[in-house]
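Trainee: Following this line is protein_21.txt, made up of compact mmCIF, N, CA and C atoms and all ligand atoms:
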```
# COMPACT_ATOMS: atom_id res chain seq x y z
N VAL A 4 -8.39 16.96 16.81
CA VAL A 4 -7.54 15.84 16.40
C VAL A 4 -6.44 16.36 15.48
N ARG A 5 -5.20 15.95 15.76
CA ARG A 5 -4.11 16.32 14.89
C ARG A 5 -4.09 15.34 13.70
N ILE A 6 -3.96 15.90 12.53
CA ILE A 6 -4.00 15.08 11.32
C ILE A 6 -2.69 15.20 10.55
N ARG A 7 -2.23 14.09 10.05
CA ARG A 7 -1.07 14.07 9.14
C ARG A 7 -1.53 13.40 7.86
N VAL A 8 -1.01 13.89 6.73
CA VAL A 8 -1.38 13.26 5.46
C VAL A 8 -0.14 12.92 4.65
N GLY A 9 -0.27 11.94 3.80
CA GLY A 9 0.79 11.59 2.85
C GLY A 9 0.16 11.11 1.56
N VAL A 10 0.84 11.35 0.45
CA VAL A 10 0.30 10.95 -0.86
C VAL A 10 1.44 10.34 -1.67
N ASP A 11 1.09 9.42 -2.56
CA ASP A 11 2.10 8.93 -3.50
C ASP A 11 1.41 8.40 -4.76
N VAL A 12 2.13 8.49 -5.86
CA VAL A 12 1.63 7.95 -7.12
C VAL A 12 2.72 7.04 -7.70
N VAL A 13 2.29 5.91 -8.24
CA VAL A 13 3.24 4.90 -8.76
C VAL A 13 2.82 4.52 -10.19
N GLY A 14 3.80 4.44 -11.07
CA GLY A 14 3.53 3.97 -12.44
C GLY A 14 3.34 2.46 -12.42
N VAL A 15 2.23 2.01 -13.00
CA VAL A 15 1.91 0.58 -12.94
C VAL A 15 2.97 -0.24 -13.68
N GLU A 16 3.42 0.26 -14.83
CA GLU A 16 4.44 -0.50 -15.59
C GLU A 16 5.75 -0.62 -14.83
N ARG A 17 6.10 0.44 -14.14
CA ARG A 17 7.35 0.44 -13.38
C ARG A 17 7.28 -0.63 -12.28
N LEU A 18 6.14 -0.65 -11.60
CA LEU A 18 5.98 -1.64 -10.53
C LEU A 18 5.97 -3.05 -11.12
N GLU A 19 5.31 -3.19 -12.27
CA GLU A 19 5.26 -4.51 -12.91
C GLU A 19 6.67 -5.00 -13.26
N ARG A 20 7.48 -4.09 -13.81
CA ARG A 20 8.86 -4.48 -14.17
C ARG A 20 9.65 -4.90 -12.94
N LEU A 21 9.34 -4.23 -11.82
CA LEU A 21 10.06 -4.50 -10.58
C LEU A 21 9.74 -5.88 -9.99
N VAL A 22 8.49 -6.31 -10.12
CA VAL A 22 8.08 -7.52 -9.39
C VAL A 22 7.71 -8.72 -10.25
N ARG A 23 7.49 -8.50 -11.57
CA ARG A 23 7.03 -9.61 -12.40
C ARG A 23 8.07 -10.72 -12.44
N ASP A 24 7.62 -11.94 -12.25
CA ASP A 24 8.51 -13.12 -12.25
C ASP A 24 9.57 -13.05 -11.16
N ASP A 25 9.35 -12.28 -10.12
CA ASP A 25 10.32 -12.18 -9.02
C ASP A 25 9.57 -12.34 -7.70
N GLU A 26 9.40 -13.60 -7.33
CA GLU A 26 8.61 -13.89 -6.14
C GLU A 26 9.26 -13.33 -4.88
N ASP A 27 10.60 -13.36 -4.83
CA ASP A 27 11.29 -12.83 -3.65
C ASP A 27 10.99 -11.35 -3.48
N ARG A 28 11.05 -10.62 -4.59
CA ARG A 28 10.76 -9.19 -4.52
C ARG A 28 9.31 -8.95 -4.09
N GLN A 29 8.40 -9.76 -4.62
CA GLN A 29 6.99 -9.61 -4.23
C GLN A 29 6.81 -9.83 -2.74
N ARG A 30 7.52 -10.83 -2.23
CA ARG A 30 7.38 -11.15 -0.81
C ARG A 30 8.09 -10.14 0.09
N GLU A 31 9.04 -9.42 -0.49
CA GLU A 31 9.71 -8.35 0.26
C GLU A 31 8.77 -7.14 0.40
N LEU A 32 7.98 -6.92 -0.63
CA LEU A 32 7.15 -5.71 -0.67
C LEU A 32 5.76 -5.90 -0.08
N PHE A 33 5.22 -7.11 -0.19
CA PHE A 33 3.81 -7.31 0.15
C PHE A 33 3.61 -8.47 1.11
N THR A 34 2.59 -8.34 1.96
CA THR A 34 2.23 -9.46 2.84
C THR A 34 1.51 -10.53 2.02
N GLN A 35 1.39 -11.71 2.63
CA GLN A 35 0.70 -12.79 1.94
C GLN A 35 -0.75 -12.41 1.64
N ARG A 36 -1.39 -11.74 2.59
CA ARG A 36 -2.79 -11.31 2.36
C ARG A 36 -2.90 -10.35 1.19
N GLU A 37 -1.93 -9.44 1.10
CA GLU A 37 -1.94 -8.50 -0.02
C GLU A 37 -1.74 -9.24 -1.34
N LEU A 38 -0.80 -10.17 -1.35
CA LEU A 38 -0.52 -10.92 -2.58
C LEU A 38 -1.73 -11.77 -2.97
N ASP A 39 -2.39 -12.35 -1.98
CA ASP A 39 -3.57 -13.17 -2.28
C ASP A 39 -4.65 -12.33 -2.95
N TYR A 40 -4.84 -11.11 -2.43
CA TYR A 40 -5.86 -10.24 -3.03
C TYR A 40 -5.47 -9.86 -4.46
N CYS A 41 -4.24 -9.41 -4.63
CA CYS A 41 -3.83 -8.90 -5.95
C CYS A 41 -3.78 -10.01 -7.00
N SER A 42 -3.27 -11.17 -6.61
CA SER A 42 -3.05 -12.22 -7.61
C SER A 42 -4.37 -12.79 -8.11
N GLY A 43 -5.44 -12.57 -7.36
CA GLY A 43 -6.75 -13.04 -7.82
C GLY A 43 -7.41 -12.09 -8.81
N LYS A 44 -6.73 -10.98 -9.10
CA LYS A 44 -7.34 -9.95 -9.95
C LYS A 44 -6.79 -9.99 -11.36
N ARG A 45 -7.63 -9.56 -12.31
CA ARG A 45 -7.22 -9.55 -13.71
C ARG A 45 -6.07 -8.58 -13.95
N ARG A 46 -6.14 -7.42 -13.29
CA ARG A 46 -5.07 -6.42 -13.44
C ARG A 46 -4.25 -6.38 -12.15
N GLN A 47 -3.57 -7.48 -11.88
CA GLN A 47 -2.93 -7.62 -10.57
C GLN A 47 -1.89 -6.53 -10.29
N TYR A 48 -1.20 -6.06 -11.34
CA TYR A 48 -0.13 -5.09 -11.09
C TYR A 48 -0.68 -3.71 -10.72
N GLU A 49 -1.89 -3.40 -11.17
CA GLU A 49 -2.52 -2.15 -10.71
C GLU A 49 -2.76 -2.21 -9.21
N HIS A 50 -3.23 -3.35 -8.75
CA HIS A 50 -3.55 -3.49 -7.32
C HIS A 50 -2.27 -3.50 -6.49
N MET A 51 -1.21 -4.10 -7.04
CA MET A 51 0.08 -4.06 -6.32
C MET A 51 0.63 -2.64 -6.31
N ALA A 52 0.53 -1.96 -7.45
CA ALA A 52 1.08 -0.60 -7.53
C ALA A 52 0.39 0.32 -6.54
N VAL A 53 -0.92 0.18 -6.42
CA VAL A 53 -1.63 1.10 -5.53
C VAL A 53 -1.30 0.79 -4.07
N ARG A 54 -1.05 -0.49 -3.79
CA ARG A 54 -0.65 -0.84 -2.42
C ARG A 54 0.76 -0.32 -2.12
N PHE A 55 1.61 -0.36 -3.12
CA PHE A 55 2.95 0.21 -2.90
C PHE A 55 2.85 1.72 -2.69
N ALA A 56 1.99 2.38 -3.47
CA ALA A 56 1.78 3.82 -3.28
C ALA A 56 1.27 4.10 -1.87
N ALA A 57 0.38 3.26 -1.39
CA ALA A 57 -0.17 3.45 -0.04
C ALA A 57 0.93 3.35 1.01
N LYS A 58 1.85 2.40 0.84
CA LYS A 58 2.93 2.23 1.81
C LYS A 58 3.82 3.48 1.82
N GLU A 59 4.10 4.02 0.64
CA GLU A 59 4.92 5.23 0.58
C GLU A 59 4.15 6.43 1.16
N ALA A 60 2.83 6.47 0.94
CA ALA A 60 2.02 7.56 1.49
C ALA A 60 2.04 7.51 3.03
N VAL A 61 2.01 6.30 3.57
CA VAL A 61 2.06 6.15 5.03
C VAL A 61 3.40 6.65 5.56
N LEU A 62 4.48 6.30 4.90
CA LEU A 62 5.80 6.79 5.33
C LEU A 62 5.82 8.32 5.31
N LYS A 63 5.28 8.91 4.25
CA LYS A 63 5.26 10.37 4.18
C LYS A 63 4.44 10.98 5.30
N ALA A 64 3.29 10.37 5.59
CA ALA A 64 2.44 10.90 6.66
C ALA A 64 3.17 10.86 7.99
N MET A 65 4.08 9.89 8.14
CA MET A 65 4.83 9.79 9.40
C MET A 65 6.11 10.62 9.36
N GLY A 66 6.38 11.25 8.23
CA GLY A 66 7.60 12.04 8.12
C GLY A 66 8.85 11.19 8.01
N LEU A 67 8.69 10.00 7.44
CA LEU A 67 9.81 9.06 7.33
C LEU A 67 10.17 8.82 5.88
N GLY A 68 11.37 8.30 5.67
CA GLY A 68 11.80 8.00 4.31
C GLY A 68 11.87 6.51 4.07
N LEU A 69 12.27 6.15 2.86
CA LEU A 69 12.42 4.75 2.49
C LEU A 69 13.41 4.09 3.44
N GLY A 70 13.11 2.88 3.83
CA GLY A 70 14.03 2.15 4.69
C GLY A 70 13.78 2.33 6.18
N ALA A 71 12.82 3.18 6.53
CA ALA A 71 12.53 3.40 7.95
C ALA A 71 11.95 2.15 8.59
N CYS A 72 11.25 1.35 7.79
CA CYS A 72 10.72 0.07 8.28
C CYS A 72 10.61 -0.86 7.08
N GLY A 73 10.22 -2.09 7.33
CA GLY A 73 10.06 -3.04 6.23
C GLY A 73 8.76 -2.76 5.49
N TRP A 74 8.75 -3.05 4.20
CA TRP A 74 7.53 -2.79 3.41
C TRP A 74 6.35 -3.61 3.89
N ARG A 75 6.61 -4.83 4.32
CA ARG A 75 5.49 -5.67 4.78
C ARG A 75 4.94 -5.22 6.11
N GLU A 76 5.69 -4.35 6.81
CA GLU A 76 5.20 -3.86 8.10
C GLU A 76 4.09 -2.83 7.93
N ILE A 77 3.93 -2.33 6.71
CA ILE A 77 2.80 -1.46 6.39
C ILE A 77 1.88 -2.27 5.48
N GLU A 78 0.76 -2.69 6.02
CA GLU A 78 -0.12 -3.59 5.27
C GLU A 78 -1.42 -2.89 4.91
N VAL A 79 -1.84 -3.09 3.66
CA VAL A 79 -3.14 -2.58 3.22
C VAL A 79 -4.15 -3.71 3.35
N THR A 80 -5.16 -3.48 4.16
CA THR A 80 -6.23 -4.47 4.29
C THR A 80 -7.49 -3.91 3.63
N ARG A 81 -8.51 -4.73 3.59
CA ARG A 81 -9.68 -4.37 2.81
C ARG A 81 -10.93 -4.88 3.52
N ALA A 82 -11.88 -3.97 3.75
CA ALA A 82 -13.16 -4.38 4.33
C ALA A 82 -14.00 -5.06 3.25
N GLU A 83 -15.02 -5.76 3.67
CA GLU A 83 -15.88 -6.44 2.69
C GLU A 83 -16.48 -5.45 1.69
N SER A 84 -16.73 -4.23 2.18
CA SER A 84 -17.28 -3.17 1.33
C SER A 84 -16.30 -2.72 0.25
N GLY A 85 -15.02 -3.09 0.41
CA GLY A 85 -13.99 -2.63 -0.52
C GLY A 85 -13.15 -1.51 0.04
N VAL A 86 -13.60 -0.90 1.13
CA VAL A 86 -12.85 0.21 1.73
C VAL A 86 -11.49 -0.29 2.23
N PRO A 87 -10.40 0.34 1.78
CA PRO A 87 -9.08 -0.10 2.22
C PRO A 87 -8.68 0.56 3.54
N SER A 88 -7.83 -0.12 4.28
CA SER A 88 -7.25 0.53 5.46
C SER A 88 -5.84 0.02 5.70
N ILE A 89 -5.21 0.63 6.68
CA ILE A 89 -3.81 0.37 6.99
C ILE A 89 -3.69 -0.40 8.30
N VAL A 90 -2.89 -1.44 8.29
CA VAL A 90 -2.53 -2.12 9.54
C VAL A 90 -1.01 -2.11 9.62
N LEU A 91 -0.49 -1.62 10.75
CA LEU A 91 0.97 -1.56 10.92
C LEU A 91 1.44 -2.70 11.80
N HIS A 92 2.64 -3.15 11.52
CA HIS A 92 3.25 -4.23 12.29
C HIS A 92 4.67 -3.81 12.70
N GLY A 93 5.16 -4.44 13.74
CA GLY A 93 6.58 -4.33 14.09
C GLY A 93 7.07 -2.90 14.23
N ARG A 94 8.16 -2.63 13.51
CA ARG A 94 8.80 -1.33 13.63
C ARG A 94 7.89 -0.18 13.15
N ALA A 95 7.12 -0.43 12.11
CA ALA A 95 6.21 0.60 11.59
C ALA A 95 5.20 0.99 12.67
N ARG A 96 4.74 -0.01 13.38
CA ARG A 96 3.77 0.25 14.44
C ARG A 96 4.39 1.09 15.56
N ALA A 97 5.63 0.75 15.92
CA ALA A 97 6.33 1.50 16.97
C ALA A 97 6.53 2.95 16.53
N LEU A 98 6.88 3.15 15.27
CA LEU A 98 7.10 4.51 14.76
C LEU A 98 5.79 5.32 14.79
N ALA A 99 4.67 4.68 14.51
CA ALA A 99 3.37 5.36 14.58
C ALA A 99 3.02 5.68 16.03
N ASP A 100 3.27 4.72 16.91
CA ASP A 100 3.00 4.95 18.34
C ASP A 100 3.79 6.14 18.85
N GLU A 101 5.07 6.22 18.48
CA GLU A 101 5.93 7.34 18.90
C GLU A 101 5.33 8.68 18.50
N ARG A 102 4.62 8.69 17.38
CA ARG A 102 4.02 9.93 16.86
C ARG A 102 2.62 10.16 17.37
N GLY A 103 2.13 9.28 18.23
CA GLY A 103 0.79 9.44 18.78
C GLY A 103 -0.32 9.14 17.79
N ILE A 104 0.01 8.39 16.72
CA ILE A 104 -1.00 8.06 15.72
C ILE A 104 -1.86 6.92 16.23
N ARG A 105 -3.20 7.15 16.21
CA ARG A 105 -4.13 6.16 16.74
C ARG A 105 -4.85 5.39 15.66
N SER A 106 -5.08 6.03 14.53
CA SER A 106 -5.73 5.29 13.45
C SER A 106 -5.44 5.95 12.11
N TRP A 107 -5.81 5.23 11.06
CA TRP A 107 -5.52 5.65 9.70
C TRP A 107 -6.78 5.65 8.86
N ARG A 108 -6.81 6.51 7.85
CA ARG A 108 -7.79 6.44 6.77
C ARG A 108 -6.99 6.41 5.48
N LEU A 109 -7.48 5.63 4.53
CA LEU A 109 -6.74 5.44 3.28
C LEU A 109 -7.71 5.50 2.11
N THR A 110 -7.32 6.21 1.05
CA THR A 110 -8.10 6.17 -0.17
C THR A 110 -7.16 5.91 -1.34
N MET A 111 -7.61 5.10 -2.29
CA MET A 111 -6.74 4.66 -3.38
C MET A 111 -7.52 4.68 -4.69
N THR A 112 -6.80 4.94 -5.78
CA THR A 112 -7.40 4.86 -7.11
C THR A 112 -6.34 4.39 -8.10
N HIS A 113 -6.76 3.65 -9.13
CA HIS A 113 -5.78 3.22 -10.13
C HIS A 113 -6.39 3.10 -11.51
N THR A 114 -5.55 3.41 -12.51
CA THR A 114 -5.89 3.18 -13.91
C THR A 114 -4.84 2.20 -14.44
N HIS A 115 -4.87 1.91 -15.74
CA HIS A 115 -3.87 0.97 -16.26
C HIS A 115 -2.47 1.58 -16.23
N ARG A 116 -2.37 2.90 -16.09
CA ARG A 116 -1.05 3.53 -16.08
C ARG A 116 -0.57 3.96 -14.70
N LEU A 117 -1.46 4.53 -13.92
CA LEU A 117 -1.05 5.15 -12.66
C LEU A 117 -1.89 4.66 -11.49
N ALA A 118 -1.23 4.60 -10.33
CA ALA A 118 -1.91 4.21 -9.10
C ALA A 118 -1.58 5.25 -8.04
N GLU A 119 -2.59 5.71 -7.34
CA GLU A 119 -2.39 6.78 -6.36
C GLU A 119 -3.08 6.44 -5.05
N ALA A 120 -2.43 6.83 -3.96
CA ALA A 120 -3.01 6.60 -2.64
C ALA A 120 -2.77 7.82 -1.76
N ILE A 121 -3.74 8.10 -0.92
CA ILE A 121 -3.62 9.16 0.08
C ILE A 121 -3.89 8.53 1.44
N ALA A 122 -2.94 8.71 2.35
CA ALA A 122 -3.08 8.16 3.70
C ALA A 122 -3.24 9.32 4.68
N VAL A 123 -4.18 9.16 5.59
CA VAL A 123 -4.42 10.16 6.63
C VAL A 123 -4.22 9.48 7.98
N ALA A 124 -3.36 10.08 8.79
CA ALA A 124 -3.11 9.56 10.13
C ALA A 124 -3.84 10.44 11.13
N LEU A 125 -4.56 9.82 12.07
CA LEU A 125 -5.28 10.57 13.11
C LEU A 125 -4.59 10.32 14.45
C1 LIG B 201 -15.60 2.42 -4.92
C2 LIG B 201 -15.73 2.55 -6.43
C3 LIG B 201 -16.36 3.90 -6.75
C4 LIG B 201 -14.36 2.36 -7.09
O1 LIG B 201 -14.26 3.08 -8.28
P1 LIG B 201 -13.40 2.65 -9.55
O2 LIG B 201 -13.31 3.83 -10.40
O3 LIG B 201 -13.98 1.39 -10.08
O4 LIG B 201 -11.97 2.21 -9.02
P2 LIG B 201 -10.70 3.08 -8.54
O5 LIG B 201 -9.51 2.64 -9.32
O6 LIG B 201 -10.96 4.54 -8.50
O7 LIG B 201 -10.53 2.61 -7.04
C5 LIG B 201 -10.30 1.28 -6.73
C6 LIG B 201 -10.00 1.24 -5.26
O8 LIG B 201 -11.07 1.85 -4.53
C7 LIG B 201 -11.09 1.29 -3.23
N1 LIG B 201 -12.47 0.95 -2.91
C8 LIG B 201 -13.18 -0.09 -3.35
N2 LIG B 201 -14.42 -0.04 -2.84
C9 LIG B 201 -14.47 1.04 -2.04
C10 LIG B 201 -15.48 1.63 -1.24
N3 LIG B 201 -16.69 1.09 -1.14
N4 LIG B 201 -15.19 2.75 -0.57
C11 LIG B 201 -13.96 3.30 -0.64
N5 LIG B 201 -12.97 2.79 -1.38
C12 LIG B 201 -13.24 1.68 -2.09
C13 LIG B 201 -10.20 0.08 -3.23
O9 LIG B 201 -9.02 0.43 -2.54
C14 LIG B 201 -9.91 -0.15 -4.71
O10 LIG B 201 -8.62 -0.65 -4.96
P3 LIG B 201 -8.26 -2.19 -4.68
O11 LIG B 201 -9.29 -3.05 -5.33
O12 LIG B 201 -6.89 -2.36 -5.28
O13 LIG B 201 -8.27 -2.34 -3.18
C15 LIG B 201 -16.65 1.45 -6.99
O14 LIG B 201 -16.03 0.20 -6.81
C16 LIG B 201 -18.00 1.46 -6.31
O15 LIG B 201 -18.91 2.17 -6.73
N6 LIG B 201 -18.16 0.71 -5.23
C17 LIG B 201 -19.36 0.81 -4.41
C18 LIG B 201 -19.63 -0.47 -3.76
C19 LIG B 201 -20.01 -1.45 -4.80
O16 LIG B 201 -20.76 -1.20 -5.72
N7 LIG B 201 -19.49 -2.64 -4.66
C20 LIG B 201 -19.72 -3.68 -5.59
C21 LIG B 201 -18.67 -4.70 -5.45
S1 LIG B 201 -18.91 -5.97 -6.63
```
Go through the file and emit its structure as structure tokens.
Ligand SMILES: CC(C)(COP(=O)(O)OP(=O)(O)OC[C@H]1O[C@@H](n2cnc3c(N)ncnc32)[C@H](O)[C@@H]1OP(=O)(O)O)[C@@H](O)C(=O)NCCC(=O)NCCS
Mentor:
Amino acid sequence: VRIRVGVDVVGVERLERLVRDDEDRQRELFTQRELDYCSGKRRQYEHMAVRFAAKEAVLKAMGLGLGACGWREIEVTRAESGVPSIVLHGRARALADERGIRSWRLTMTHTHRLAEAIAVAL
């Protein structure tokens, strides 16, 4: 199996400054499901930051830069166990198909300062 990897780290405060009190920006960056998960959490900006890191990690794994697709087209979902995964939509999905990517593995971690994600494309 050919494997591609991408990693990214995001400062939680930076992400908070970007999206706090800005619903339009939140909706540009995150799907409704992502927002529903994060907004139910005590440290919601950590969860948003790590999801943003995951989206950037996915772009890196595909060899793409910012703007290659919409942020909401890369969605972080969550199994009942807590294990996160990636679901692609629209243009992001087409870009993955072009690269022969069949599935993703994702791992994420966050503290009050930093959020990091590693995406693996199979
Ligand atoms: C997985 C676990 C080690 C996370 O460790 P942590 O130091 O508390 O948290 P981290 O910041 O490193 O990581 C958090 C991320 O791990 C991921 N995660 C959660 N559960 C996971 C699991 N079972 N396997 C893999 N990844 C998991 C999630 O992406 C989570 O971020 P999110 O909530 O924003 O989606 C810890 O939650 C654990 O032991 N879980 C085992 C299952 C369990 O006990 N569940 C009880 C739920 S009440």
Trainee: I want to know what sits within 10 Å of stretch 84-99 of chain A, based on only C-alpha atoms, with residues of the same chain fewer than 6 positions away left out; could you give that as a count of residues only?
Mentor: 26
Trainee: Would you work out the distance separating atom CA of A:Asp27 from atom N of A:Lys44, expressed in Å to one decimal?
Mentor: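 It comes out at 18.9 Å.
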Trainee: Can you work out the spacing between atom C of A:Gln29 and atom CA of A:Lys63 in Å, to one decimal?
Mentor: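 Separation of atom C of A:Gln29 and atom CA of A:Lys63: 21.4 Å.
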Trainee: One number please: atom N of A:Arg36 to atom C12 of ligand LIG 201 (chain B), in Å, one decimal.
Mentor: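 So the answer is 18.5 Å.
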Trainee: Where does DSSP see helix (DSSP H, G or I) in chain A, if you list the residues as a CSV table (one decimal) with N, CA and C atoms, in the coordinates of the input?
Mentor:
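Output file states.csv is given in full below:
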```csv
chain,number,residue,atom,x,y,z
A,15,VAL,N,2.2,2.0,-13.0
A,15,VAL,CA,1.9,0.6,-12.9
A,15,VAL,C,3.0,-0.2,-13.7
A,16,GLU,N,3.4,0.3,-14.8
A,16,GLU,CA,4.4,-0.5,-15.6
A,16,GLU,C,5.8,-0.6,-14.8
A,17,ARG,N,6.1,0.4,-14.1
A,17,ARG,CA,7.4,0.4,-13.4
A,17,ARG,C,7.3,-0.6,-12.3
A,18,LEU,N,6.1,-0.6,-11.6
A,18,LEU,CA,6.0,-1.6,-10.5
A,18,LEU,C,6.0,-3.0,-11.1
A,19,GLU,N,5.3,-3.2,-12.3
A,19,GLU,CA,5.3,-4.5,-12.9
A,19,GLU,C,6.7,-5.0,-13.3
A,20,ARG,N,7.5,-4.1,-13.8
A,20,ARG,CA,8.9,-4.5,-14.2
A,20,ARG,C,9.6,-4.9,-12.9
A,21,LEU,N,9.3,-4.2,-11.8
A,21,LEU,CA,10.1,-4.5,-10.6
A,21,LEU,C,9.7,-5.9,-10.0
A,22,VAL,N,8.5,-6.3,-10.1
A,22,VAL,CA,8.1,-7.5,-9.4
A,22,VAL,C,7.7,-8.7,-10.2
A,26,GLU,N,9.4,-13.6,-7.3
A,26,GLU,CA,8.6,-13.9,-6.1
A,26,GLU,C,9.3,-13.3,-4.9
A,27,ASP,N,10.6,-13.4,-4.8
A,27,ASP,CA,11.3,-12.8,-3.6
A,27,ASP,C,11.0,-11.4,-3.5
A,28,ARG,N,11.0,-10.6,-4.6
A,28,ARG,CA,10.8,-9.2,-4.5
A,28,ARG,C,9.3,-9.0,-4.1
A,29,GLN,N,8.4,-9.8,-4.6
A,29,GLN,CA,7.0,-9.6,-4.2
A,29,GLN,C,6.8,-9.8,-2.7
A,30,ARG,N,7.5,-10.8,-2.2
A,30,ARG,CA,7.4,-11.2,-0.8
A,30,ARG,C,8.1,-10.1,0.1
A,31,GLU,N,9.0,-9.4,-0.5
A,31,GLU,CA,9.7,-8.4,0.3
A,31,GLU,C,8.8,-7.1,0.4
A,32,LEU,N,8.0,-6.9,-0.6
A,32,LEU,CA,7.2,-5.7,-0.7
A,32,LEU,C,5.8,-5.9,-0.1
A,35,GLN,N,1.4,-11.7,2.6
A,35,GLN,CA,0.7,-12.8,1.9
A,35,GLN,C,-0.8,-12.4,1.6
A,36,ARG,N,-1.4,-11.7,2.6
A,36,ARG,CA,-2.8,-11.3,2.4
A,36,ARG,C,-2.9,-10.4,1.2
A,37,GLU,N,-1.9,-9.4,1.1
A,37,GLU,CA,-1.9,-8.5,0.0
A,37,GLU,C,-1.7,-9.2,-1.3
A,38,LEU,N,-0.8,-10.2,-1.4
A,38,LEU,CA,-0.5,-10.9,-2.6
A,38,LEU,C,-1.7,-11.8,-3.0
A,39,ASP,N,-2.4,-12.4,-2.0
A,39,ASP,CA,-3.6,-13.2,-2.3
A,39,ASP,C,-4.6,-12.3,-3.0
A,40,TYR,N,-4.8,-11.1,-2.4
A,40,TYR,CA,-5.9,-10.2,-3.0
A,40,TYR,C,-5.5,-9.9,-4.5
A,41,CYS,N,-4.2,-9.4,-4.6
A,41,CYS,CA,-3.8,-8.9,-6.0
A,41,CYS,C,-3.8,-10.0,-7.0
A,42,SER,N,-3.3,-11.2,-6.6
A,42,SER,CA,-3.0,-12.2,-7.6
A,42,SER,C,-4.4,-12.8,-8.1
A,47,GLN,N,-3.6,-7.5,-11.9
A,47,GLN,CA,-2.9,-7.6,-10.6
A,47,GLN,C,-1.9,-6.5,-10.3
A,48,TYR,N,-1.2,-6.1,-11.3
A,48,TYR,CA,-0.1,-5.1,-11.1
A,48,TYR,C,-0.7,-3.7,-10.7
A,49,GLU,N,-1.9,-3.4,-11.2
A,49,GLU,CA,-2.5,-2.2,-10.7
A,49,GLU,C,-2.8,-2.2,-9.2
A,50,HIS,N,-3.2,-3.4,-8.8
A,50,HIS,CA,-3.6,-3.5,-7.3
A,50,HIS,C,-2.3,-3.5,-6.5
A,51,MET,N,-1.2,-4.1,-7.0
A,51,MET,CA,0.1,-4.1,-6.3
A,51,MET,C,0.6,-2.6,-6.3
A,52,ALA,N,0.5,-2.0,-7.4
A,52,ALA,CA,1.1,-0.6,-7.5
A,52,ALA,C,0.4,0.3,-6.5
A,53,VAL,N,-0.9,0.2,-6.4
A,53,VAL,CA,-1.6,1.1,-5.5
A,53,VAL,C,-1.3,0.8,-4.1
A,54,ARG,N,-1.0,-0.5,-3.8
A,54,ARG,CA,-0.6,-0.8,-2.4
A,54,ARG,C,0.8,-0.3,-2.1
A,55,PHE,N,1.6,-0.4,-3.1
A,55,PHE,CA,3.0,0.2,-2.9
A,55,PHE,C,2.8,1.7,-2.7
A,56,ALA,N,2.0,2.4,-3.5
A,56,ALA,CA,1.8,3.8,-3.3
A,56,ALA,C,1.3,4.1,-1.9
A,57,ALA,N,0.4,3.3,-1.4
A,57,ALA,CA,-0.2,3.4,0.0
A,57,ALA,C,0.9,3.4,1.0
A,58,LYS,N,1.8,2.4,0.8
A,58,LYS,CA,2.9,2.2,1.8
A,58,LYS,C,3.8,3.5,1.8
A,59,GLU,N,4.1,4.0,0.6
A,59,GLU,CA,4.9,5.2,0.6
A,59,GLU,C,4.2,6.4,1.2
A,60,ALA,N,2.8,6.5,0.9
A,60,ALA,CA,2.0,7.6,1.5
A,60,ALA,C,2.0,7.5,3.0
A,61,VAL,N,2.0,6.3,3.6
A,61,VAL,CA,2.1,6.2,5.0
A,61,VAL,C,3.4,6.6,5.6
A,62,LEU,N,4.5,6.3,4.9
A,62,LEU,CA,5.8,6.8,5.3
A,62,LEU,C,5.8,8.3,5.3
A,63,LYS,N,5.3,8.9,4.2
A,63,LYS,CA,5.3,10.4,4.2
A,63,LYS,C,4.4,11.0,5.3
A,64,ALA,N,3.3,10.4,5.6
A,64,ALA,CA,2.4,10.9,6.7
A,64,ALA,C,3.2,10.9,8.0
A,74,TRP,N,8.8,-3.0,4.2
A,74,TRP,CA,7.5,-2.8,3.4
A,74,TRP,C,6.4,-3.6,3.9
A,75,ARG,N,6.6,-4.8,4.3
A,75,ARG,CA,5.5,-5.7,4.8
A,75,ARG,C,4.9,-5.2,6.1
A,76,GLU,N,5.7,-4.4,6.8
A,76,GLU,CA,5.2,-3.9,8.1
A,76,GLU,C,4.1,-2.8,7.9
A,93,GLY,N,5.2,-4.4,13.7
A,93,GLY,CA,6.6,-4.3,14.1
A,93,GLY,C,7.1,-2.9,14.2
A,94,ARG,N,8.2,-2.6,13.5
A,94,ARG,CA,8.8,-1.3,13.6
A,94,ARG,C,7.9,-0.2,13.2
A,95,ALA,N,7.1,-0.4,12.1
A,95,ALA,CA,6.2,0.6,11.6
A,95,ALA,C,5.2,1.0,12.7
A,96,ARG,N,4.7,0.0,13.4
A,96,ARG,CA,3.8,0.2,14.4
A,96,ARG,C,4.4,1.1,15.6
A,97,ALA,N,5.6,0.8,15.9
A,97,ALA,CA,6.3,1.5,17.0
A,97,ALA,C,6.5,3.0,16.5
A,98,LEU,N,6.9,3.2,15.3
A,98,LEU,CA,7.1,4.5,14.8
A,98,LEU,C,5.8,5.3,14.8
A,99,ALA,N,4.7,4.7,14.5
A,99,ALA,CA,3.4,5.4,14.6
A,99,ALA,C,3.0,5.7,16.0
A,100,ASP,N,3.3,4.7,16.9
A,100,ASP,CA,3.0,5.0,18.3
A,100,ASP,C,3.8,6.1,18.8
A,101,GLU,N,5.1,6.2,18.5
A,101,GLU,CA,5.9,7.3,18.9
A,101,GLU,C,5.3,8.7,18.5
```
